[in-house]
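K.L.:
My structure is in my_file-v6.cif, and what it holds is mmCIF, C-alpha atoms:
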```cif
data_final
#
loop_
_atom_site.label_atom_id
_atom_site.label_comp_id
_atom_site.auth_asym_id
_atom_site.auth_seq_id
_atom_site.Cartn_x
_atom_site.Cartn_y
_atom_site.Cartn_z
CA MET C 29 37.83 5.38 -12.28
CA ASP C 30 35.62 6.36 -9.40
CA ASP C 31 32.01 7.54 -9.48
CA VAL C 32 33.01 11.18 -10.05
CA ASP C 33 35.23 10.27 -13.02
CA SER C 34 32.42 8.15 -14.45
CA ALA C 35 29.97 11.05 -14.07
CA ILE C 36 32.39 13.43 -15.80
CA VAL C 37 32.90 11.02 -18.71
CA ARG C 38 29.13 10.48 -19.01
CA GLU C 39 28.43 14.23 -19.02
CA LEU C 40 31.16 14.98 -21.57
CA GLN C 41 29.78 12.27 -23.87
CA ARG C 42 26.35 13.84 -23.53
CA ASP C 43 27.69 17.36 -24.28
CA ALA C 44 31.41 17.95 -24.77
CA ARG C 45 30.84 21.66 -25.44
CA GLN C 46 29.55 22.51 -21.98
CA THR C 47 31.67 24.82 -19.87
CA ASN C 48 33.78 23.51 -17.03
CA ARG C 49 31.49 25.37 -14.62
CA ASP C 50 28.39 23.61 -16.05
CA LEU C 51 30.17 20.25 -16.00
CA ALA C 52 31.22 20.74 -12.37
CA ARG C 53 27.66 21.68 -11.42
CA ALA C 54 26.26 18.62 -13.24
CA VAL C 55 28.54 16.21 -11.35
CA GLY C 56 28.42 18.08 -8.02
CA ILE C 57 32.04 19.16 -7.58
CA ALA C 58 33.97 22.43 -7.51
CA PRO C 59 35.06 23.85 -10.91
CA SER C 60 38.75 23.66 -9.93
CA THR C 61 38.36 20.00 -8.97
CA CYS C 62 36.49 19.33 -12.20
CA LEU C 63 39.22 20.93 -14.31
CA GLU C 64 41.88 18.81 -12.61
CA ARG C 65 39.80 15.62 -12.98
CA VAL C 66 39.28 16.25 -16.71
CA ARG C 67 43.02 16.88 -17.13
CA LEU C 68 43.82 13.61 -15.36
CA LEU C 69 41.27 11.72 -17.48
CA ARG C 70 43.03 13.07 -20.61
CA ASP C 71 46.48 12.21 -19.22
CA ARG C 72 45.35 8.63 -18.46
CA GLY C 73 43.95 8.21 -21.97
CA VAL C 74 40.32 7.89 -20.90
CA LEU C 75 39.38 11.05 -22.81
CA THR C 76 41.02 10.87 -26.22
CA GLY C 77 39.41 13.86 -27.91
CA TYR C 78 36.30 15.83 -28.69
CA HIS C 79 34.46 15.90 -31.98
CA ALA C 80 31.50 17.31 -33.85
CA GLU C 81 28.69 14.96 -34.82
CA ILE C 82 28.06 15.18 -38.58
CA SER C 83 24.87 14.40 -40.49
CA LEU C 84 25.80 12.18 -43.43
CA ASP C 85 22.42 12.99 -45.03
CA ALA C 86 23.26 16.70 -44.94
CA LEU C 87 26.46 15.86 -46.85
CA ASN C 88 24.49 13.97 -49.54
CA ARG C 89 25.70 10.61 -48.28
CA HIS C 90 22.34 8.90 -47.95
CA VAL C 91 23.46 5.29 -48.51
CA GLN C 92 25.69 3.59 -45.97
CA ALA C 93 27.10 0.08 -46.23
CA PHE C 94 29.48 -2.30 -44.55
CA LEU C 95 31.98 -3.91 -46.89
CA HIS C 96 33.25 -7.30 -45.74
CA VAL C 97 36.72 -7.67 -47.27
CA GLN C 98 39.19 -10.56 -47.49
CA VAL C 99 42.81 -9.86 -48.46
CA ARG C 100 45.77 -12.07 -49.34
CA PRO C 101 48.54 -12.76 -48.71
CA MET C 102 47.86 -12.35 -45.03
CA SER C 103 50.77 -10.27 -43.77
CA ARG C 104 51.34 -7.16 -41.72
CA ASP C 105 52.38 -5.22 -44.83
CA VAL C 106 49.19 -6.17 -46.70
CA ILE C 107 46.99 -5.35 -43.72
CA GLU C 108 48.67 -2.00 -43.07
CA GLY C 109 48.68 -1.16 -46.79
CA PHE C 110 44.99 -1.89 -47.26
CA LYS C 111 44.10 -0.06 -44.06
CA ALA C 112 45.98 3.03 -45.28
CA TYR C 113 44.40 2.78 -48.74
CA ALA C 114 40.85 2.44 -47.39
CA THR C 115 41.12 5.21 -44.80
CA GLY C 116 42.41 7.52 -47.54
CA LEU C 117 39.21 7.17 -49.57
CA PRO C 118 36.70 9.99 -48.95
CA GLU C 119 33.75 7.57 -49.11
CA VAL C 120 35.10 5.56 -46.17
CA VAL C 121 33.73 6.39 -42.71
CA ALA C 122 35.54 3.70 -40.68
CA VAL C 123 37.83 0.70 -41.10
CA PHE C 124 37.87 -2.25 -38.72
CA VAL C 125 40.46 -5.06 -38.82
CA VAL C 126 38.53 -8.17 -37.74
CA ALA C 127 38.96 -11.88 -37.10
CA GLY C 128 36.92 -14.63 -38.70
CA GLY C 129 35.95 -15.13 -42.32
CA ASP C 130 36.62 -11.49 -43.21
CA ASP C 131 39.77 -9.51 -42.63
CA PHE C 132 38.23 -6.03 -42.74
CA LEU C 133 34.89 -4.41 -42.15
CA VAL C 134 34.79 -1.09 -44.01
CA GLN C 135 31.97 1.38 -43.43
CA VAL C 136 31.21 3.64 -46.39
CA ALA C 137 28.70 6.43 -47.02
CA LEU C 138 27.77 7.52 -50.55
CA PRO C 139 24.99 9.47 -52.30
CA SER C 140 23.20 6.47 -53.84
CA VAL C 141 23.21 2.74 -54.48
CA ASP C 142 24.58 3.47 -57.96
CA ALA C 143 27.44 5.42 -56.37
CA LEU C 144 28.09 2.46 -54.05
CA HIS C 145 28.25 0.12 -57.03
CA SER C 146 30.64 2.45 -58.87
CA PHE C 147 32.80 2.79 -55.76
CA LEU C 148 33.11 -0.99 -55.46
CA MET C 149 33.90 -1.41 -59.16
CA ASP C 150 36.38 1.48 -59.32
CA LYS C 151 38.09 1.23 -55.94
CA PHE C 152 37.96 -2.45 -54.93
CA THR C 153 37.80 -4.80 -57.92
CA GLY C 154 41.20 -3.74 -59.26
CA ARG C 155 43.10 -4.17 -55.99
CA ARG C 156 45.36 -7.24 -56.18
CA GLU C 157 45.34 -7.90 -52.45
CA ILE C 158 41.52 -8.10 -52.31
CA VAL C 159 40.46 -11.69 -52.96
CA GLY C 160 36.83 -11.18 -52.08
CA PHE C 161 34.32 -8.70 -50.75
CA ARG C 162 30.61 -8.37 -50.18
CA SER C 163 28.46 -5.44 -49.14
CA SER C 164 25.65 -5.05 -46.63
CA VAL C 165 23.54 -1.92 -46.99
CA ILE C 166 22.78 -0.25 -43.66
CA TYR C 167 19.07 0.58 -43.32
CA GLN C 168 19.33 2.30 -39.95
CA HIS C 169 22.15 3.28 -37.63
CA VAL C 170 21.62 3.91 -33.93
CA ARG C 171 24.64 4.96 -31.92
CA LYS C 172 24.68 4.80 -28.17
CA PRO C 173 25.43 8.38 -27.09
CA VAL C 174 26.96 7.47 -23.72
CA ILE C 175 29.29 4.52 -23.10
CA GLU C 176 29.27 3.53 -19.43
CA PRO C 177 32.33 2.01 -17.75
CA LEU C 178 31.96 -1.67 -16.90
CA GLY C 179 31.85 -2.95 -13.36
#
```
Can you give me the file's structure in the form of structure tokens?
P.N.:
Amino acid sequence: MDDVDSAIVRELQRDARQTNRDLARAVGIAPSTCLERVRLLRDRGVLTGYHAEISLDALNRHVQAFLHVQVRPMSRDVIEGFKAYATGLPEVVAVFVVAGGDDFLVQVALPSVDALHSFLMDKFTGRREIVGFRSSVIYQHVRKPVIEPLG
């Protein structure tokens, strides 16, 4: 990635809905060059998609938490099965497979603390592969809007 590619990626992270003409103007290149650069960034897997930012509060999902989950037996089938199960739940925002004391970090968003408790009781306590879990309520979430390439 050169400086122009980095500028394109930065601008698209800031506003992916801008026109190609506006993007080209922002990074100081011709629109035709910009279009080709964006295509190449997609082809190389740098740009993997575009999305809409959603307000969880507007969807009545005011309480977010991280669930630290341990599963057993530790096998590919168990990991893939739990990952598929968790991502299929509407309350789940993200699933991370991690190393260390926990096997998964699951981000959930629900209407209330009571709903979080019910979710844990109804969706996690009965799963045979889950040998332990704990929850950490998220008070605030700040997401970096632009990820810069390293070095």
K.L.:
Would you list the contacts of stretch 79-84 of chain C as a PDB file with C-alpha atoms, in the frame of the given file, taking every protein, DNA or RNA residue within 12 Å and counting only C-alpha atoms, but skipping same-chain residues closer than 4 positions in sequence?
P.N.:
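Output below, filename result_12.pdb:
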```pdb
ATOM      1  CA  LEU C  40      31.160  14.980 -21.570  1.00  0.00           C
ATOM      2  CA  GLN C  41      29.780  12.270 -23.870  1.00  0.00           C
ATOM      3  CA  ARG C  42      26.350  13.840 -23.530  1.00  0.00           C
ATOM      4  CA  ASP C  43      27.690  17.360 -24.280  1.00  0.00           C
ATOM      5  CA  ALA C  44      31.410  17.950 -24.770  1.00  0.00           C
ATOM      6  CA  ARG C  45      30.840  21.660 -25.440  1.00  0.00           C
ATOM      7  CA  LEU C  75      39.380  11.050 -22.810  1.00  0.00           C
ATOM      8  CA  ASN C  88      24.490  13.970 -49.540  1.00  0.00           C
ATOM      9  CA  ARG C  89      25.700  10.610 -48.280  1.00  0.00           C
ATOM     10  CA  HIS C  90      22.340   8.900 -47.950  1.00  0.00           C
ATOM     11  CA  VAL C  91      23.460   5.290 -48.510  1.00  0.00           C
ATOM     12  CA  GLN C  92      25.690   3.590 -45.970  1.00  0.00           C
ATOM     13  CA  GLU C 119      33.750   7.570 -49.110  1.00  0.00           C
ATOM     14  CA  VAL C 120      35.100   5.560 -46.170  1.00  0.00           C
ATOM     15  CA  VAL C 121      33.730   6.390 -42.710  1.00  0.00           C
ATOM     16  CA  VAL C 136      31.210   3.640 -46.390  1.00  0.00           C
ATOM     17  CA  ALA C 137      28.700   6.430 -47.020  1.00  0.00           C
ATOM     18  CA  LEU C 138      27.770   7.520 -50.550  1.00  0.00           C
ATOM     19  CA  PRO C 139      24.990   9.470 -52.300  1.00  0.00           C
ATOM     20  CA  HIS C 169      22.150   3.280 -37.630  1.00  0.00           C
ATOM     21  CA  ARG C 171      24.640   4.960 -31.920  1.00  0.00           C
ATOM     22  CA  PRO C 173      25.430   8.380 -27.090  1.00  0.00           C
TER      23      PRO C 173
END
```
K.L.:
Using all atoms listed in the file, tabulate the residues of stretch 65-98 of chain C lying at most 12 Å from any atom of stretch 145-151 of chain C, each with its closest atom pair and that distance in Å to one decimal, by chain and increasing residue number, as JSON lines.
P.N.:
```
{"residue": "C:Val91", "atom": "CA", "partner": "C:His145", "partner_atom": "CA", "distance": 11.1}
{"residue": "C:Gln92", "atom": "CA", "partner": "C:His145", "partner_atom": "CA", "distance": 11.9}
{"residue": "C:Ala93", "atom": "CA", "partner": "C:His145", "partner_atom": "CA", "distance": 10.9}
{"residue": "C:Phe94", "atom": "CA", "partner": "C:Leu148", "partner_atom": "CA", "distance": 11.6}
{"residue": "C:Leu95", "atom": "CA", "partner": "C:Leu148", "partner_atom": "CA", "distance": 9.1}
{"residue": "C:His96", "atom": "CA", "partner": "C:Leu148", "partner_atom": "CA", "distance": 11.6}
{"residue": "C:Val97", "atom": "CA", "partner": "C:Leu148", "partner_atom": "CA", "distance": 11.2}
```
K.L.:
Could you write those residues out with C-alpha atoms, as a CSV table (one decimal), keeping the file's coordinate frame?
P.N.:
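Output contents, as saved in part36.csv:
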```csv
chain,number,residue,atom,x,y,z
C,91,VAL,CA,23.5,5.3,-48.5
C,92,GLN,CA,25.7,3.6,-46.0
C,93,ALA,CA,27.1,0.1,-46.2
C,94,PHE,CA,29.5,-2.3,-44.6
C,95,LEU,CA,32.0,-3.9,-46.9
C,96,HIS,CA,33.2,-7.3,-45.7
C,97,VAL,CA,36.7,-7.7,-47.3
```
K.L.:
C:Val55: which residues within 9 Å, counting only C-alpha atoms, same-chain residues fewer than 3 positions away excluded, as a ChimeraX atom specification?
P.N.:
/C:32,35-36,39,50-52,62
K.L.:
Hey, can you spit out that residue selection with C-alpha atoms as a compact mmCIF listing (two decimals), in the frame of the given file?
P.N.:
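After the write, selection_19.txt holds the following:
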```txt
# COMPACT_ATOMS: atom_id res chain seq x y z
CA VAL C 32 33.01 11.18 -10.05
CA ALA C 35 29.97 11.05 -14.07
CA ILE C 36 32.39 13.43 -15.80
CA GLU C 39 28.43 14.23 -19.02
CA ASP C 50 28.39 23.61 -16.05
CA LEU C 51 30.17 20.25 -16.00
CA ALA C 52 31.22 20.74 -12.37
CA CYS C 62 36.49 19.33 -12.20
```
K.L.:
So which one's closest to C:Met102, C:Leu68, C:Leu133, C:Ala122, C:Ala127? Using all atoms listed in the file, please.
P.N.:
C:Ala127
K.L.:
When you draw a straight line from atom CA of C:Asp30 to atom CA of C:Ala58, how long is it in Å?
P.N.:
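Rounded to one decimal, the two atoms are 16.3 Å apart.
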K.L.:
Please evaluate the PyMOL selection byres ((chain C and resi 98) around 6) against the displayed coordinates and give the resulting residues as a ChimeraX atom specification.
P.N.:
/C:97,99,130-131,158-160
K.L.:
Next, write the just-selected residues to a file, as a PDB file, in the coordinates of the input, keeping C-alpha atoms as the atom set.
P.N.:
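Output file selection_39.pdb is given in full below:
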```pdb
ATOM      1  CA  VAL C  97      36.720  -7.670 -47.270  1.00  0.00           C
ATOM      2  CA  VAL C  99      42.810  -9.860 -48.460  1.00  0.00           C
ATOM      3  CA  ASP C 130      36.620 -11.490 -43.210  1.00  0.00           C
ATOM      4  CA  ASP C 131      39.770  -9.510 -42.630  1.00  0.00           C
ATOM      5  CA  ILE C 158      41.520  -8.100 -52.310  1.00  0.00           C
ATOM      6  CA  VAL C 159      40.460 -11.690 -52.960  1.00  0.00           C
ATOM      7  CA  GLY C 160      36.830 -11.180 -52.080  1.00  0.00           C
TER       8      GLY C 160
END
```
K.L.:
Rounded to one decimal in Å, what is the spacing between atom CA of C:Thr47 and atom CA of C:Met29?
P.N.:
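Taking atom CA of C:Thr47 as the start and atom CA of C:Met29 as the end point, the length is 21.8 Å.
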K.L.:
Could you work out how far atom CA of C:Lys172 lies from atom CA of C:Phe132, giving the answer in Å with one decimal?
P.N.:
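Atom-to-atom, atom CA of C:Phe132 to atom CA of C:Lys172, that is 22.7 Å.
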K.L.:
Could stretch 108-134 of chain C be completed with N, CA, C and O atoms and returned as a JSON list (two decimals), in the frame of the given file?
P.N.:
```
[["chain", "number", "residue", "atom", "x", "y", "z"],
["C", 108, "GLU", "N", 48.40, -3.44, -43.26],
["C", 108, "GLU", "CA", 48.67, -2.00, -43.07],
["C", 108, "GLU", "C", 48.46, -1.23, -44.37],
["C", 108, "GLU", "O", 47.94, -0.11, -44.36],
["C", 109, "GLY", "N", 48.85, -1.82, -45.49],
["C", 109, "GLY", "CA", 48.68, -1.16, -46.79],
["C", 109, "GLY", "C", 47.22, -0.97, -47.15],
["C", 109, "GLY", "O", 46.81, 0.10, -47.60],
["C", 110, "PHE", "N", 46.41, -2.02, -46.94],
["C", 110, "PHE", "CA", 44.99, -1.89, -47.26],
["C", 110, "PHE", "C", 44.31, -0.91, -46.31],
["C", 110, "PHE", "O", 43.48, -0.11, -46.72],
["C", 111, "LYS", "N", 44.67, -0.97, -45.04],
["C", 111, "LYS", "CA", 44.10, -0.06, -44.06],
["C", 111, "LYS", "C", 44.39, 1.40, -44.45],
["C", 111, "LYS", "O", 43.49, 2.24, -44.42],
["C", 112, "ALA", "N", 45.61, 1.67, -44.85],
["C", 112, "ALA", "CA", 45.98, 3.03, -45.28],
["C", 112, "ALA", "C", 45.22, 3.42, -46.55],
["C", 112, "ALA", "O", 44.75, 4.56, -46.68],
["C", 113, "TYR", "N", 45.12, 2.50, -47.50],
["C", 113, "TYR", "CA", 44.40, 2.78, -48.74],
["C", 113, "TYR", "C", 42.93, 3.12, -48.44],
["C", 113, "TYR", "O", 42.41, 4.14, -48.89],
["C", 114, "ALA", "N", 42.27, 2.26, -47.66],
["C", 114, "ALA", "CA", 40.85, 2.44, -47.39],
["C", 114, "ALA", "C", 40.57, 3.72, -46.61],
["C", 114, "ALA", "O", 39.65, 4.46, -46.95],
["C", 115, "THR", "N", 41.37, 4.00, -45.59],
["C", 115, "THR", "CA", 41.12, 5.21, -44.80],
["C", 115, "THR", "C", 41.39, 6.48, -45.60],
["C", 115, "THR", "O", 40.89, 7.54, -45.25],
["C", 116, "GLY", "N", 42.14, 6.37, -46.68],
["C", 116, "GLY", "CA", 42.41, 7.52, -47.54],
["C", 116, "GLY", "C", 41.30, 7.84, -48.52],
["C", 116, "GLY", "O", 41.32, 8.88, -49.18],
["C", 117, "LEU", "N", 40.32, 6.94, -48.64],
["C", 117, "LEU", "CA", 39.21, 7.17, -49.57],
["C", 117, "LEU", "C", 38.14, 8.03, -48.91],
["C", 117, "LEU", "O", 37.71, 7.74, -47.80],
["C", 118, "PRO", "N", 37.68, 9.09, -49.58],
["C", 118, "PRO", "CA", 36.70, 9.99, -48.95],
["C", 118, "PRO", "C", 35.36, 9.33, -48.65],
["C", 118, "PRO", "O", 34.64, 9.77, -47.76],
["C", 119, "GLU", "N", 35.02, 8.27, -49.34],
["C", 119, "GLU", "CA", 33.75, 7.57, -49.11],
["C", 119, "GLU", "C", 33.75, 6.74, -47.83],
["C", 119, "GLU", "O", 32.71, 6.36, -47.32],
["C", 120, "VAL", "N", 34.95, 6.45, -47.33],
["C", 120, "VAL", "CA", 35.10, 5.56, -46.17],
["C", 120, "VAL", "C", 34.89, 6.35, -44.87],
["C", 120, "VAL", "O", 35.49, 7.40, -44.66],
["C", 121, "VAL", "N", 34.03, 5.80, -44.01],
["C", 121, "VAL", "CA", 33.73, 6.39, -42.71],
["C", 121, "VAL", "C", 34.58, 5.74, -41.61],
["C", 121, "VAL", "O", 35.07, 6.41, -40.72],
["C", 122, "ALA", "N", 34.78, 4.41, -41.70],
["C", 122, "ALA", "CA", 35.54, 3.70, -40.68],
["C", 122, "ALA", "C", 36.09, 2.40, -41.26],
["C", 122, "ALA", "O", 35.50, 1.83, -42.18],
["C", 123, "VAL", "N", 37.21, 1.96, -40.70],
["C", 123, "VAL", "CA", 37.83, 0.70, -41.10],
["C", 123, "VAL", "C", 38.11, -0.11, -39.84],
["C", 123, "VAL", "O", 38.71, 0.40, -38.89],
["C", 124, "PHE", "N", 37.65, -1.35, -39.84],
["C", 124, "PHE", "CA", 37.87, -2.25, -38.72],
["C", 124, "PHE", "C", 38.66, -3.45, -39.23],
["C", 124, "PHE", "O", 38.30, -4.04, -40.25],
["C", 125, "VAL", "N", 39.73, -3.82, -38.54],
["C", 125, "VAL", "CA", 40.46, -5.06, -38.82],
["C", 125, "VAL", "C", 39.82, -6.10, -37.91],
["C", 125, "VAL", "O", 39.75, -5.91, -36.69],
["C", 126, "VAL", "N", 39.32, -7.20, -38.50],
["C", 126, "VAL", "CA", 38.53, -8.17, -37.74],
["C", 126, "VAL", "C", 39.07, -9.59, -37.90],
["C", 126, "VAL", "O", 39.85, -9.87, -38.81],
["C", 127, "ALA", "N", 38.63, -10.46, -37.02],
["C", 127, "ALA", "CA", 38.96, -11.88, -37.10],
["C", 127, "ALA", "C", 37.77, -12.62, -37.67],
["C", 127, "ALA", "O", 36.65, -12.13, -37.65],
["C", 128, "GLY", "N", 38.00, -13.81, -38.16],
["C", 128, "GLY", "CA", 36.92, -14.63, -38.70],
["C", 128, "GLY", "C", 37.06, -14.77, -40.20],
["C", 128, "GLY", "O", 38.15, -14.71, -40.74],
["C", 129, "GLY", "N", 35.94, -14.93, -40.87],
["C", 129, "GLY", "CA", 35.95, -15.13, -42.32],
["C", 129, "GLY", "C", 36.38, -13.91, -43.11],
["C", 129, "GLY", "O", 36.89, -14.04, -44.22],
["C", 130, "ASP", "N", 36.20, -12.73, -42.55],
["C", 130, "ASP", "CA", 36.62, -11.49, -43.21],
["C", 130, "ASP", "C", 37.84, -10.94, -42.49],
["C", 130, "ASP", "O", 38.06, -11.21, -41.31],
["C", 131, "ASP", "N", 38.60, -10.15, -43.22],
["C", 131, "ASP", "CA", 39.77, -9.51, -42.63],
["C", 131, "ASP", "C", 39.50, -8.06, -42.24],
["C", 131, "ASP", "O", 40.12, -7.52, -41.33],
["C", 132, "PHE", "N", 38.58, -7.43, -42.98],
["C", 132, "PHE", "CA", 38.23, -6.03, -42.74],
["C", 132, "PHE", "C", 36.72, -5.86, -42.80],
["C", 132, "PHE", "O", 36.03, -6.55, -43.56],
["C", 133, "LEU", "N", 36.24, -4.92, -42.04],
["C", 133, "LEU", "CA", 34.89, -4.41, -42.15],
["C", 133, "LEU", "C", 35.06, -2.92, -42.42],
["C", 133, "LEU", "O", 35.64, -2.20, -41.60],
["C", 134, "VAL", "N", 34.60, -2.47, -43.59],
["C", 134, "VAL", "CA", 34.79, -1.09, -44.01],
["C", 134, "VAL", "C", 33.41, -0.43, -44.10],
["C", 134, "VAL", "O", 32.54, -0.91, -44.82]]
```
